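Engineer: After the structure tokens below, expect a handful of questions from me.
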Amino acid sequence: MKINPFLRKKSISDLQHEAFDEGNGEGMKKTLNATNLTMLGIGAVIGAGIFVLTGNAAAQYAGPSIILSFILSGLACAFAGLCYAEFAAMIPIAGSAYTYAYATLGEFIAWIIGWDLILEYLFAASTVSVGWSGYVTNFLKENLHITIPPTITQAPFTHDPILGWQSTGSYFNFPAVFIVVLVTTLLVIGIKESVKFNNIIVIIKVIVILLFIFFGFSYVTEENLTPFIPENTGSFGSFGWSGILRGAGVIFFSYIGFDAVSTAAQETKNPQRDMPIGILASLAVCTVIYILVAFVLTGMIDYTLLNSPNPIAIAIDSVGDNLKWLSPIIKLGAIAGLSSVVLVMLMGQPRIFYSMSKDGLLPPVFSKLHPKFKTPYISSLISGGFAVLLAGFLPISILGELVSIGTLLAFAIVCIGIMVLRVKQPNIKRPFKAPFIWVTGTLGALFSIIQMLGLPLDTWIRLFIWMAIGFVIYFFYGKANSVIGKKIDK
């Protein structure tokens with residue numbers, strides 16, 4: 001009997017067998033533990049958000065109450081995180097939300113989410129690499145007096161909502177291309193080596209952030225924190241309680257990345273235990289750090305002065321020479337922080353390709369492993385190549401707009417999928433169970449969908465165009481070559 005390809009699913013038992021069958025020695029190396037996964041999550045989450053968005057959201061939307069925005073956004077991510085943790089422990093396969101959707105909602109929805117995840121990982125890596133370029137260029141110029149020619153430090157075109165596309169006079173963004181090439185090389189060499197590199201970077205940037213919190217705390221004044229919730233200016237989202245909500249939506253980008261932990265499930269030694277720890281611990285650590293940074297930042301300086309690409313540096317400069325020594329350290333911390341985000345995003349993307357290729361939805365070349373390093377090196381090189389083009393030639397505004405919508409769609413599908421599975425397969429072994437699933441799953445999906453509806457129309461239009469390209473690939477290749485489809489049709 002033929003089953004509609006929209007509805008055909010991967011068996012949970014088959015997925016579990018695939019995850020734990022290492023007899024042929026052809027799978028990816030299992031080298032990661034809970035600590036590695038937690039560090040990967042922290043590496044992915046702490047980046048552009050903490051060094052840029054905190055100040056911007058405080059200045060434009062919430063004032064000192066941006067602290068409450070971080071708590072709200074963190075809670076929304078926690079609901080999705082619990083659902084991810086249940087799936088990751090139960091189905092420890094590279095592929096993240098794509099694999100989870102395939103097991104619960106069917107092949108077509110799985111394709112949609114797999115294609116959509118490219119927006120999150122590939123475009124986020126490109127976006128952050130452009131931010132990395134800006135910090136590196138500024139640090140070299142201001143602190144080492146080395147000036148990189150402007151013709152190779154930005155995209156050849158910039159985009160303004162009113163003026164449209166304009167030439168910058170630049171050829172391409174060399175520093176952004178450089179970091180993508182460096183990270184891609186690391187990922188081809190091996191996940192263990194990449195994780196060691198990430199661990200070092202995470203330790204550096206966490207130390208830098210803790211230095212800011214520790215030394216900045218003594219400069220926090222009650223005057224800067226009053227009023228804690230600035231009065232609304234008369235329009236929704238402009239301070240007041242609606243500003244806290246708007247701020248939560250804006251700084252949601254700060255939390256993007258913790259789900260990337262789940263893409264490394266197949267390379268984890270004890271995924272049933274370690275995946276939930278890695279996902280939830282990294283999310284908890286990052287939420288606490290964000291709240292502390294937001295408190296110190298808005299307490300050191302009037303929030304109206306924080307609408308800048310480098311708000312933490314501005315806060316340090318505002319207290320005079322006493323903390324002048326900390327400014328270059330903060331910049332180095334930002335560079336390190338953004339480096340690890342690029343690493344984790346470019347690590348996640350090839351593993352999505354790997355899973356889709358193993359299922360027949362993409363050509364076999366995407367699941368080819370390196371004979372020595374046992375990494376999906378072709379997928380890594382392809383992902384790196386596209387990231388080079390995006391980072392080198394597109395402005396950060398265009399890249400950044402597409403990231404959040406892809407992530408929110410992934411969150412919503414995971415939250416819905418875990419509830420579907422609880423109904424259809426209630427007796428399946430669950431090493432970790434999300435508590436109060438009907439509350440957790442519903443709120444996780446609801447928060448994600450509401451935030452998607454608040455995104456600009458152009459972002460939705462670009463999403464529809466991207467999805468249309470994906471549909472063409474699925475209907476002309478994936479549908480006919482699906483491994484599950486061939487098994488069922490027999």
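Starting from 1 in every chain, residues are counted up; chains themselves are A, B, ... following the order of the structure tokens, and ligands are numbered from 1 as listed.
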I'd like the neighbourhood of Leu292 (chain A) as a PyMOL selection string, where a residue qualifies if any of its atoms comes within 12 Å (using only C-alpha atoms), though same-chain residues fewer than 5 positions away should be ignored.
Structural biologist: chain A and resi 50+54+64+66-68+70-71+209-214+216-217+220+285-287+297-299
Engineer: Please determine, counting only C-alpha atoms, which residue among A:Leu394, A:Ala336, A:Ala315, A:Leu117 has the shortest atom-to-atom distance to Ile203 (chain A).
Structural biologist: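 Counting only C-alpha atoms, the residue closest to Ile203 (chain A) is A:Ala336.
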Engineer: Residues near region 346-362 of chain A, anyone? I mean within 7 Å using only C-alpha atoms, not counting same-chain ones fewer than 6 positions away, as a list of chain:residue names.
Structural biologist: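 The residues that qualify are A:Ala94, A:Gly95, A:Gly114, A:Ile118, A:Tyr121, A:Leu122, A:Ala125, A:Leu187, A:Ala260, A:Thr263, A:Pro376, A:Ser379, A:Ser380, A:Ser383, A:Tyr474, A:Tyr477, A:Gly478, A:Lys479, A:Asn481, A:Ser482, A:Val483.
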Engineer: Report the distance between CA of Trp241 (chain A) and CA of Ser218 (chain A) in Å, rounded to one decimal place.
Structural biologist: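 Answer for the CA of Trp241 (chain A) to CA of Ser218 (chain A) separation: 28.3 Å.
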Engineer: Give the answer as one residue: which of A:Tyr84, A:Tyr61, A:Phe236, A:Phe178 has the shortest atom-to-atom distance to Val388 (chain A), using only C-alpha atoms?
Structural biologist: A:Phe178
Engineer: Give me every alpha helix (DSSP H) residue in region 228-311 of chain A, going by DSSP on the backbone, as a VMD selection string.
Structural biologist: chain A and resid 240 to 250 271 to 300 311
